[in-house]
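The structure file model20.pdb is reproduced below (PDB, C-alpha atoms).
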```pdb
ATOM      1  CA  MET A   6      64.867  18.541 -10.247  1.00  0.00           C
ATOM      2  CA  LEU A   7      61.616  16.933  -9.066  1.00  0.00           C
ATOM      3  CA  VAL A   8      60.672  15.782  -5.572  1.00  0.00           C
ATOM      4  CA  ARG A   9      58.670  12.622  -4.940  1.00  0.00           C
ATOM      5  CA  CYS A  10      56.340  12.714  -1.928  1.00  0.00           C
ATOM      6  CA  ARG A  11      54.551   9.633  -0.584  1.00  0.00           C
ATOM      7  CA  THR A  12      51.071  10.446   0.821  1.00  0.00           C
ATOM      8  CA  SER A  13      49.297   7.422   2.270  1.00  0.00           C
ATOM      9  CA  GLY A  14      50.588   5.045  -0.355  1.00  0.00           C
ATOM     10  CA  GLN A  15      50.237   7.518  -3.255  1.00  0.00           C
ATOM     11  CA  ILE A  16      53.335   9.063  -4.850  1.00  0.00           C
ATOM     12  CA  GLN A  17      53.000  12.712  -5.915  1.00  0.00           C
ATOM     13  CA  VAL A  18      55.694  14.565  -7.939  1.00  0.00           C
ATOM     14  CA  TYR A  19      56.302  18.285  -7.252  1.00  0.00           C
ATOM     15  CA  ARG A  20      58.829  21.004  -7.950  1.00  0.00           C
ATOM     16  CA  PRO A  21      61.136  21.309  -4.930  1.00  0.00           C
ATOM     17  CA  SER A  22      59.966  23.741  -2.266  1.00  0.00           C
ATOM     18  CA  PRO A  23      59.925  23.605   1.551  1.00  0.00           C
ATOM     19  CA  ALA A  24      56.176  23.131   1.648  1.00  0.00           C
ATOM     20  CA  SER A  25      55.842  20.713  -1.271  1.00  0.00           C
ATOM     21  CA  CYS A  26      55.213  17.517   0.697  1.00  0.00           C
ATOM     22  CA  ALA A  27      53.282  19.318   3.429  1.00  0.00           C
ATOM     23  CA  GLY A  28      51.048  20.867   0.767  1.00  0.00           C
ATOM     24  CA  ALA A  29      50.473  17.464  -0.819  1.00  0.00           C
ATOM     25  CA  HIS A  30      49.387  15.996   2.497  1.00  0.00           C
ATOM     26  CA  ALA A  31      47.093  18.973   3.190  1.00  0.00           C
ATOM     27  CA  ALA A  32      45.491  18.776  -0.247  1.00  0.00           C
ATOM     28  CA  LEU A  33      44.862  15.053   0.104  1.00  0.00           C
ATOM     29  CA  SER A  34      43.376  15.502   3.575  1.00  0.00           C
ATOM     30  CA  SER A  35      41.135  18.314   2.309  1.00  0.00           C
ATOM     31  CA  GLY A  36      39.940  16.141  -0.563  1.00  0.00           C
ATOM     32  CA  ARG A  37      39.124  13.330   1.833  1.00  0.00           C
ATOM     33  CA  SER A  38      37.129  15.643   4.108  1.00  0.00           C
ATOM     34  CA  VAL A  39      35.092  16.822   1.125  1.00  0.00           C
ATOM     35  CA  ALA A  40      34.561  13.226   0.030  1.00  0.00           C
ATOM     36  CA  ARG A  41      33.422  12.298   3.526  1.00  0.00           C
ATOM     37  CA  SER A  42      30.928  15.176   3.538  1.00  0.00           C
ATOM     38  CA  LEU A  43      29.601  14.083   0.157  1.00  0.00           C
ATOM     39  CA  ASP A  44      29.274  10.540   1.412  1.00  0.00           C
ATOM     40  CA  ASP A  45      27.101  11.844   4.240  1.00  0.00           C
ATOM     41  CA  GLY A  46      23.717  11.359   2.579  1.00  0.00           C
ATOM     42  CA  GLY A  47      21.859  13.689   4.919  1.00  0.00           C
ATOM     43  CA  VAL A  48      24.261  16.613   4.412  1.00  0.00           C
ATOM     44  CA  SER A  49      24.648  16.321   0.635  1.00  0.00           C
ATOM     45  CA  ARG A  50      20.935  15.752  -0.046  1.00  0.00           C
ATOM     46  CA  ALA A  51      19.888  18.674   2.149  1.00  0.00           C
ATOM     47  CA  ARG A  52      22.215  20.948   0.172  1.00  0.00           C
ATOM     48  CA  VAL A  53      21.132  19.915  -3.318  1.00  0.00           C
ATOM     49  CA  ALA A  54      17.429  19.284  -2.637  1.00  0.00           C
ATOM     50  CA  LYS A  55      14.875  21.716  -3.982  1.00  0.00           C
ATOM     51  CA  ARG A  56      13.407  23.879  -1.235  1.00  0.00           C
ATOM     52  CA  ARG A  57       9.655  23.841  -0.906  1.00  0.00           C
ATOM     53  CA  GLU A  58       9.218  27.623  -0.580  1.00  0.00           C
ATOM     54  CA  GLU A  59      11.245  28.201  -3.754  1.00  0.00           C
ATOM     55  CA  ASN A  60       9.454  25.500  -5.790  1.00  0.00           C
ATOM     56  CA  GLU A  61       5.904  25.720  -4.496  1.00  0.00           C
ATOM     57  CA  VAL A  62       4.285  24.941  -7.855  1.00  0.00           C
ATOM     58  CA  GLU A  63       6.339  21.775  -8.375  1.00  0.00           C
ATOM     59  CA  PHE A  64       5.761  20.694  -4.777  1.00  0.00           C
ATOM     60  CA  SER A  65       2.003  21.286  -5.154  1.00  0.00           C
ATOM     61  CA  ARG A  66       1.979  19.031  -8.210  1.00  0.00           C
ATOM     62  CA  ILE A  67       3.634  16.257  -6.210  1.00  0.00           C
ATOM     63  CA  VAL A  68       1.009  16.543  -3.470  1.00  0.00           C
ATOM     64  CA  ALA A  69      -1.860  16.817  -5.983  1.00  0.00           C
ATOM     65  CA  PHE A  70      -0.674  13.707  -7.827  1.00  0.00           C
ATOM     66  CA  SER A  71      -0.423  11.787  -4.550  1.00  0.00           C
ATOM     67  CA  ASP A  72      -3.896  12.899  -3.461  1.00  0.00           C
ATOM     68  CA  GLY A  73      -5.229  11.855  -6.871  1.00  0.00           C
ATOM     69  CA  VAL A  74      -3.883   8.327  -6.457  1.00  0.00           C
ATOM     70  CA  PHE A  75      -5.504   8.087  -3.039  1.00  0.00           C
ATOM     71  CA  ALA A  76      -8.806   9.466  -4.384  1.00  0.00           C
ATOM     72  CA  ILE A  77      -8.908   6.996  -7.281  1.00  0.00           C
ATOM     73  CA  ALA A  78      -7.958   4.057  -5.055  1.00  0.00           C
ATOM     74  CA  ILE A  79     -10.602   4.854  -2.453  1.00  0.00           C
ATOM     75  CA  THR A  80     -13.236   5.300  -5.199  1.00  0.00           C
ATOM     76  CA  LEU A  81     -12.363   2.008  -6.881  1.00  0.00           C
ATOM     77  CA  LEU A  82     -13.211   0.177  -3.654  1.00  0.00           C
ATOM     78  CA  VAL A  83     -16.924   0.671  -4.235  1.00  0.00           C
ATOM     79  CA  LEU A  84     -16.719  -0.908  -7.706  1.00  0.00           C
ATOM     80  CA  ASN A  85     -16.420  -4.275  -5.991  1.00  0.00           C
ATOM     81  CA  LEU A  86     -20.063  -3.853  -4.947  1.00  0.00           C
ATOM     82  CA  GLY A  87     -22.930  -4.304  -7.365  1.00  0.00           C
ATOM     83  CA  VAL A  88     -26.422  -5.658  -7.881  1.00  0.00           C
ATOM     84  CA  PRO A  89     -27.499  -7.351 -11.116  1.00  0.00           C
ATOM     85  CA  PRO A  90     -30.086  -5.358 -13.055  1.00  0.00           C
ATOM     86  CA  HIS A  91     -33.781  -6.235 -12.760  1.00  0.00           C
ATOM     87  CA  THR A  92     -33.260  -7.677  -9.283  1.00  0.00           C
ATOM     88  CA  SER A  93     -36.071  -7.051  -6.828  1.00  0.00           C
ATOM     89  CA  GLY A  94     -38.023  -8.437  -3.902  1.00  0.00           C
ATOM     90  CA  ALA A  95     -36.734 -11.494  -2.107  1.00  0.00           C
ATOM     91  CA  GLU A  96     -34.097 -11.981  -4.778  1.00  0.00           C
ATOM     92  CA  LEU A  97     -32.635  -8.546  -3.957  1.00  0.00           C
ATOM     93  CA  ASP A  98     -32.523  -9.473  -0.285  1.00  0.00           C
ATOM     94  CA  ASN A  99     -30.551 -12.595  -1.111  1.00  0.00           C
ATOM     95  CA  VAL A 100     -28.166 -10.744  -3.402  1.00  0.00           C
ATOM     96  CA  LEU A 101     -27.443  -8.106  -0.770  1.00  0.00           C
ATOM     97  CA  TRP A 102     -26.919 -10.732   1.912  1.00  0.00           C
ATOM     98  CA  GLU A 103     -24.518 -12.631  -0.318  1.00  0.00           C
ATOM     99  CA  GLN A 104     -22.437  -9.467  -0.644  1.00  0.00           C
ATOM    100  CA  ARG A 105     -21.997  -8.990   3.088  1.00  0.00           C
ATOM    101  CA  GLN A 106     -18.327  -9.956   2.863  1.00  0.00           C
ATOM    102  CA  ASP A 107     -17.785  -7.425   0.079  1.00  0.00           C
ATOM    103  CA  VAL A 108     -19.488  -4.709   2.139  1.00  0.00           C
ATOM    104  CA  LEU A 109     -17.362  -5.504   5.189  1.00  0.00           C
ATOM    105  CA  ALA A 110     -14.209  -5.526   3.066  1.00  0.00           C
ATOM    106  CA  TYR A 111     -15.230  -2.178   1.580  1.00  0.00           C
ATOM    107  CA  ALA A 112     -15.864  -0.596   4.991  1.00  0.00           C
ATOM    108  CA  LEU A 113     -12.588  -1.928   6.428  1.00  0.00           C
ATOM    109  CA  SER A 114     -10.562  -0.944   3.366  1.00  0.00           C
ATOM    110  CA  PHE A 115     -12.125   2.529   3.191  1.00  0.00           C
ATOM    111  CA  ALA A 116     -11.168   3.196   6.821  1.00  0.00           C
ATOM    112  CA  ILE A 117      -7.639   1.861   6.292  1.00  0.00           C
ATOM    113  CA  ILE A 118      -6.907   3.785   3.108  1.00  0.00           C
ATOM    114  CA  GLY A 119      -8.395   6.916   4.663  1.00  0.00           C
ATOM    115  CA  ARG A 120      -6.034   6.560   7.605  1.00  0.00           C
ATOM    116  CA  PHE A 121      -3.065   6.114   5.262  1.00  0.00           C
ATOM    117  CA  TRP A 122      -4.061   9.324   3.462  1.00  0.00           C
ATOM    118  CA  VAL A 123      -4.163  11.245   6.762  1.00  0.00           C
ATOM    119  CA  VAL A 124      -0.652  10.018   7.661  1.00  0.00           C
ATOM    120  CA  HIS A 125       0.656  10.826   4.167  1.00  0.00           C
ATOM    121  CA  HIS A 126      -0.942  14.293   4.297  1.00  0.00           C
ATOM    122  CA  ARG A 127       0.602  15.067   7.682  1.00  0.00           C
ATOM    123  CA  PHE A 128       4.007  13.911   6.502  1.00  0.00           C
ATOM    124  CA  PHE A 129       4.028  16.108   3.398  1.00  0.00           C
ATOM    125  CA  SER A 130       2.837  19.033   5.489  1.00  0.00           C
ATOM    126  CA  SER A 131       6.160  18.744   7.341  1.00  0.00           C
ATOM    127  CA  VAL A 132       8.290  18.420   4.185  1.00  0.00           C
ATOM    128  CA  VAL A 133      10.515  21.455   3.541  1.00  0.00           C
ATOM    129  CA  GLY A 134      12.470  20.104   0.569  1.00  0.00           C
ATOM    130  CA  PHE A 135      12.394  17.303  -1.986  1.00  0.00           C
ATOM    131  CA  ASP A 136      14.767  15.443  -4.274  1.00  0.00           C
ATOM    132  CA  GLY A 137      14.769  12.481  -6.620  1.00  0.00           C
ATOM    133  CA  ARG A 138      14.987   9.894  -3.855  1.00  0.00           C
ATOM    134  CA  LEU A 139      11.971  11.275  -2.010  1.00  0.00           C
ATOM    135  CA  LEU A 140       9.993  11.348  -5.262  1.00  0.00           C
ATOM    136  CA  GLY A 141      11.018   7.759  -6.017  1.00  0.00           C
ATOM    137  CA  LEU A 142      10.032   6.511  -2.570  1.00  0.00           C
ATOM    138  CA  ASN A 143       6.726   8.365  -2.811  1.00  0.00           C
ATOM    139  CA  LEU A 144       5.980   6.738  -6.168  1.00  0.00           C
ATOM    140  CA  PHE A 145       6.882   3.333  -4.735  1.00  0.00           C
ATOM    141  CA  TYR A 146       4.526   4.017  -1.830  1.00  0.00           C
ATOM    142  CA  LEU A 147       1.711   5.090  -4.167  1.00  0.00           C
ATOM    143  CA  GLY A 148       2.210   1.907  -6.171  1.00  0.00           C
ATOM    144  CA  TRP A 149       1.257  -0.102  -3.101  1.00  0.00           C
ATOM    145  CA  ILE A 150      -1.738   2.197  -2.552  1.00  0.00           C
ATOM    146  CA  ALA A 151      -2.910   1.708  -6.150  1.00  0.00           C
ATOM    147  CA  LEU A 152      -2.769  -2.078  -5.678  1.00  0.00           C
ATOM    148  CA  PHE A 153      -5.013  -1.943  -2.623  1.00  0.00           C
ATOM    149  CA  PRO A 154      -8.435  -1.911  -4.417  1.00  0.00           C
ATOM    150  CA  PHE A 155      -7.464  -5.167  -6.127  1.00  0.00           C
ATOM    151  CA  SER A 156      -6.407  -6.763  -2.829  1.00  0.00           C
ATOM    152  CA  ALA A 157      -9.597  -5.544  -1.157  1.00  0.00           C
ATOM    153  CA  GLY A 158     -11.729  -6.946  -3.977  1.00  0.00           C
ATOM    154  CA  VAL A 159     -10.071 -10.365  -3.775  1.00  0.00           C
ATOM    155  CA  PHE A 160     -10.401 -10.369   0.007  1.00  0.00           C
ATOM    156  CA  GLY A 161     -14.093  -9.470  -0.162  1.00  0.00           C
ATOM    157  CA  ALA A 162     -14.899 -12.127  -2.741  1.00  0.00           C
ATOM    158  CA  HIS A 163     -12.743 -14.873  -1.177  1.00  0.00           C
ATOM    159  CA  ALA A 164     -12.494 -13.955   2.509  1.00  0.00           C
ATOM    160  CA  GLY A 165     -12.251 -17.574   3.591  1.00  0.00           C
ATOM    161  CA  ASP A 166      -9.352 -18.401   1.273  1.00  0.00           C
ATOM    162  CA  THR A 167      -5.761 -18.327   2.486  1.00  0.00           C
ATOM    163  CA  ALA A 168      -4.443 -16.629  -0.659  1.00  0.00           C
ATOM    164  CA  ALA A 169      -6.924 -13.744  -0.316  1.00  0.00           C
ATOM    165  CA  VAL A 170      -5.991 -13.098   3.324  1.00  0.00           C
ATOM    166  CA  VAL A 171      -2.258 -13.304   2.569  1.00  0.00           C
ATOM    167  CA  LEU A 172      -2.564 -10.900  -0.379  1.00  0.00           C
ATOM    168  CA  TYR A 173      -4.458  -8.368   1.748  1.00  0.00           C
ATOM    169  CA  ALA A 174      -1.981  -8.636   4.634  1.00  0.00           C
ATOM    170  CA  VAL A 175       1.092  -8.356   2.389  1.00  0.00           C
ATOM    171  CA  ASN A 176      -0.359  -5.296   0.646  1.00  0.00           C
ATOM    172  CA  LEU A 177      -1.020  -3.499   3.931  1.00  0.00           C
ATOM    173  CA  ALA A 178       2.337  -4.458   5.411  1.00  0.00           C
ATOM    174  CA  GLY A 179       4.032  -3.177   2.252  1.00  0.00           C
ATOM    175  CA  ILE A 180       2.236   0.173   2.443  1.00  0.00           C
ATOM    176  CA  THR A 181       3.183   0.570   6.099  1.00  0.00           C
ATOM    177  CA  LEU A 182       6.844  -0.388   5.741  1.00  0.00           C
ATOM    178  CA  VAL A 183       7.462   1.709   2.616  1.00  0.00           C
ATOM    179  CA  GLY A 184       5.764   4.675   4.267  1.00  0.00           C
ATOM    180  CA  MET A 185       7.960   4.303   7.342  1.00  0.00           C
ATOM    181  CA  LEU A 186      11.062   4.106   5.136  1.00  0.00           C
ATOM    182  CA  MET A 187      10.065   7.210   3.195  1.00  0.00           C
ATOM    183  CA  MET A 188       9.453   9.288   6.320  1.00  0.00           C
ATOM    184  CA  ALA A 189      12.622   8.125   8.079  1.00  0.00           C
ATOM    185  CA  ASP A 190      14.716   8.791   4.971  1.00  0.00           C
ATOM    186  CA  ALA A 191      13.300  12.305   4.544  1.00  0.00           C
ATOM    187  CA  ARG A 192      13.917  13.177   8.170  1.00  0.00           C
ATOM    188  CA  ARG A 193      17.501  11.847   8.047  1.00  0.00           C
ATOM    189  CA  ALA A 194      18.147  13.990   4.970  1.00  0.00           C
ATOM    190  CA  GLU A 195      16.679  17.023   6.761  1.00  0.00           C
ATOM    191  CA  LEU A 196      13.865  17.291   4.214  1.00  0.00           C
ATOM    192  CA  SER A 197      11.181  17.102   6.906  1.00  0.00           C
ATOM    193  CA  GLU A 198      10.523  19.184  10.008  1.00  0.00           C
ATOM    194  CA  MET A 199       8.872  16.272  11.791  1.00  0.00           C
ATOM    195  CA  SER A 200       9.819  16.345  15.464  1.00  0.00           C
ATOM    196  CA  ALA A 201      11.763  13.535  17.122  1.00  0.00           C
ATOM    197  CA  GLU A 202       8.727  12.657  19.242  1.00  0.00           C
ATOM    198  CA  GLU A 203       6.448  12.454  16.203  1.00  0.00           C
ATOM    199  CA  ALA A 204       9.031  10.330  14.392  1.00  0.00           C
ATOM    200  CA  ARG A 205       9.310   7.896  17.312  1.00  0.00           C
ATOM    201  CA  GLU A 206       5.531   7.569  17.586  1.00  0.00           C
ATOM    202  CA  GLY A 207       5.260   7.054  13.837  1.00  0.00           C
ATOM    203  CA  ARG A 208       7.888   4.306  13.895  1.00  0.00           C
ATOM    204  CA  ARG A 209       6.169   2.627  16.834  1.00  0.00           C
ATOM    205  CA  ARG A 210       2.813   2.630  15.091  1.00  0.00           C
ATOM    206  CA  ALA A 211       4.240   1.508  11.738  1.00  0.00           C
ATOM    207  CA  THR A 212       6.199  -1.313  13.388  1.00  0.00           C
ATOM    208  CA  LEU A 213       3.117  -2.503  15.265  1.00  0.00           C
ATOM    209  CA  ILE A 214       0.856  -2.375  12.192  1.00  0.00           C
ATOM    210  CA  SER A 215       3.285  -4.175   9.904  1.00  0.00           C
ATOM    211  CA  ALA A 216       4.065  -6.754  12.606  1.00  0.00           C
ATOM    212  CA  VAL A 217       0.371  -7.568  13.076  1.00  0.00           C
ATOM    213  CA  PHE A 218      -0.282  -7.984   9.354  1.00  0.00           C
ATOM    214  CA  LEU A 219       2.858 -10.039   8.814  1.00  0.00           C
ATOM    215  CA  ALA A 220       2.025 -12.209  11.838  1.00  0.00           C
ATOM    216  CA  SER A 221      -1.413 -12.897  10.373  1.00  0.00           C
ATOM    217  CA  ILE A 222       0.134 -14.526   7.281  1.00  0.00           C
ATOM    218  CA  PRO A 223       1.266 -17.797   8.941  1.00  0.00           C
ATOM    219  CA  VAL A 224      -2.014 -17.809  10.876  1.00  0.00           C
ATOM    220  CA  ALA A 225      -3.871 -17.629   7.559  1.00  0.00           C
ATOM    221  CA  PHE A 226      -2.206 -20.848   6.423  1.00  0.00           C
ATOM    222  CA  LEU A 227      -3.554 -22.561   9.540  1.00  0.00           C
ATOM    223  CA  ASN A 228      -6.978 -20.916   9.587  1.00  0.00           C
ATOM    224  CA  PRO A 229      -7.822 -18.056   7.187  1.00  0.00           C
ATOM    225  CA  ASP A 230     -10.924 -17.173   9.206  1.00  0.00           C
ATOM    226  CA  VAL A 231      -8.879 -16.459  12.355  1.00  0.00           C
ATOM    227  CA  ALA A 232      -6.169 -14.324  10.750  1.00  0.00           C
ATOM    228  CA  PRO A 233      -8.369 -11.211  10.254  1.00  0.00           C
ATOM    229  CA  VAL A 234      -9.226 -11.310  13.954  1.00  0.00           C
ATOM    230  CA  LEU A 235      -5.618 -10.332  14.674  1.00  0.00           C
ATOM    231  CA  TRP A 236      -6.206  -7.113  12.756  1.00  0.00           C
ATOM    232  CA  LEU A 237      -8.738  -6.066  15.388  1.00  0.00           C
ATOM    233  CA  SER A 238      -5.846  -5.613  17.828  1.00  0.00           C
ATOM    234  CA  LEU A 239      -4.869  -2.511  15.843  1.00  0.00           C
ATOM    235  CA  PHE A 240      -8.303  -1.025  16.414  1.00  0.00           C
ATOM    236  CA  LEU A 241      -8.159  -1.858  20.100  1.00  0.00           C
ATOM    237  CA  ASP A 242      -4.700  -0.284  20.372  1.00  0.00           C
ATOM    238  CA  SER A 243      -5.979   2.902  18.730  1.00  0.00           C
ATOM    239  CA  VAL A 244      -8.979   3.085  21.076  1.00  0.00           C
ATOM    240  CA  GLY A 245      -6.725   2.410  24.073  1.00  0.00           C
ATOM    241  CA  ARG A 246      -4.362   5.248  23.128  1.00  0.00           C
ATOM    242  CA  ARG A 247      -7.246   7.676  22.808  1.00  0.00           C
ATOM    243  CA  VAL A 248      -8.648   6.675  26.194  1.00  0.00           C
ATOM    244  CA  ARG A 249      -5.228   7.048  27.808  1.00  0.00           C
ATOM    245  CA  GLY A 250      -4.814  10.418  26.130  1.00  0.00           C
ATOM    246  CA  ARG A 251      -8.104  11.680  27.570  1.00  0.00           C
ATOM    247  CA  HIS A 252      -7.172  10.555  31.061  1.00  0.00           C
ATOM    248  CA  THR A 253      -3.731  12.182  30.920  1.00  0.00           C
ATOM    249  CA  SER A 254      -5.170  15.437  29.594  1.00  0.00           C
TER     250      SER A 254
END
```

Before we go any further, please render this structure as structure tokens.
Amino acid sequence: MLVRCRTSGQIQVYRPSPASCAGAHAALSSGRSVARSLDDGGVSRARVAKRREENEVEFSRIVAFSDGVFAIAITLLVLNLGVPPHTSGAELDNVLWEQRQDVLAYALSFAIIGRFWVVHHRFFSSVVGFDGRLLGLNLFYLGWIALFPFSAGVFGAHAGDTAAVVLYAVNLAGITLVGMLMMADARRAELSEMSAEEAREGRRRATLISAVFLASIPVAFLNPDVAPVLWLSLFLDSVGRRVRGRHTS
């Protein structure tokens, strides 16, 4: 003789025993609790992720590759500058003056990409584990970094054109937003030891930076020469925070 037990709409068939149906309910509940824990991305990823201290060589390769992308990108910026051979005298003066936009774009882009490297370096210093998702987000982030020399070159050569300003702004907003996503995802999965205060400050800064660059896009369609002025607000905010920090300390 078999006993049919209904458990939340599912019919299970057991040999008759006093605990048959109770056992079926308990097994189903246990399975659901395991499923819920597996659905919890932070818990499951923290358990299966490779620990940094146990995979130091592999982790060092990830950091070295990332640093290499930054190094190549920051070096490529200077390739947008150049002087034709056999140029001298007054002609050299004119050539250098004509490249003033390229020089300004180089200086601005060098400072920006250097700042992104510092943030990326600090983040990976706090990483205690890594998995496929973190590697994928890091590669996506580095893809935006690798695009930056091209955006900087277009901006330097065509600073007064709307398309050049929009390309530059979109590239920087993309770097900022993807970086914020990567750091937030790693912290949620317990792959980073970044403190709650550092995470809040990072989100605030990333939100402000991306908002300024995205806000400059519609301005660029109205006046491409005015849009870059909005970017100066980021510099002023940074200076203001440092001044406030000195006063509070």

Once the PyMOL selection byres ((chain A and resi 161) around 6) has been evaluated on this model, what residues remain selected, and can you format them as JSON, numbers by chain?
{"A": [106, 107, 110, 158, 159, 160, 162, 163, 164]}

Among the residues A:Leu219, A:Ala95, A:Leu237, A:Leu152, the one that comes closest to Leu182 (chain A) [using all atoms listed in the file]
A:Leu219

From the set A:Arg193, A:His126, A:Arg105, A:Arg208, which residue has the shortest atom-to-atom contact distance to Ile67 (chain A), counting all atoms listed in the file?
A:His126

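If you look at CA of Leu172 (chain A) and CA of Phe153 (chain A), they are 9.6 Å away from each other.
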
So how far away is CA of Ile214 (chain A) from CA of Ser197 (chain A), in Å?
22.7 Å

Might you pull out every residue within 9 Å of Ser71 (chain A), with only C-alpha atoms counted and same-chain residues fewer than 2 positions away left off, and present them as a list of chain:residue names?
A:Arg66, A:Ile67, A:Val68, A:Ala69, A:Gly73, A:Val74, A:Phe75, A:Ala76, A:His125, A:Asn143, A:Leu144, A:Leu147

Those same residues - C-alpha atoms - I'd like them written as a tab-separated table (two decimals), keeping the file's coordinate frame.
```tsv
chain	number	residue	atom	x	y	z
A	66	ARG	CA	1.98	19.03	-8.21
A	67	ILE	CA	3.63	16.26	-6.21
A	68	VAL	CA	1.01	16.54	-3.47
A	69	ALA	CA	-1.86	16.82	-5.98
A	73	GLY	CA	-5.23	11.86	-6.87
A	74	VAL	CA	-3.88	8.33	-6.46
A	75	PHE	CA	-5.50	8.09	-3.04
A	76	ALA	CA	-8.81	9.47	-4.38
A	125	HIS	CA	0.66	10.83	4.17
A	143	ASN	CA	6.73	8.36	-2.81
A	144	LEU	CA	5.98	6.74	-6.17
A	147	LEU	CA	1.71	5.09	-4.17
```

Of the candidates A:Arg127, A:Pro233, A:Pro223, A:Ser49, which shows the shortest atom-to-atom distance to Ala204 (chain A), using only C-alpha atoms?
A:Arg127

If you measure from CA of Phe121 (chain A) to CA of Leu177 (chain A), what distance in Å do you get, rounded to one decimal?
9.9 Å

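Within 10 Å of Asp230 (chain A), once only C-alpha atoms are used and residues closer than 6 positions along the same chain are dropped, the contacting residues are Ala164, Gly165, Asp166, Thr167, Val170 and Val224 of chain A.
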
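Evaluating the PyMOL selection byres ((chain A and resi 119) around 12) against the shown model yields A:Asp72, A:Phe75, A:Ala76, A:Ile77, A:Ala78, A:Ile79, A:Thr80, A:Leu82, A:Tyr111, A:Ala112, A:Leu113, A:Ser114, A:Phe115, A:Ala116, A:Ile117, A:Ile118, A:Arg120, A:Phe121, A:Trp122, A:Val123, A:Val124, A:His125, A:His126, A:Ile150, A:Phe153.
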
Tell me which protein, DNA and RNA residues are within 7 Å of Lys55 (chain A), counting all atoms listed in the file, leaving out same-chain ones fewer than 2 positions away, and put them as a list in words.
Val53, Arg57, Asn60, Gly134, Phe135 and Asp136 of chain A

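When the PyMOL selection byres ((chain A and resi 180) around 9) is evaluated against the file, it yields Phe121, Tyr146, Leu147, Gly148, Trp149, Ile150, Val175, Asn176, Leu177, Ala178, Gly179, Thr181, Leu182, Val183, Gly184, Met185 and Ser215 of chain A.
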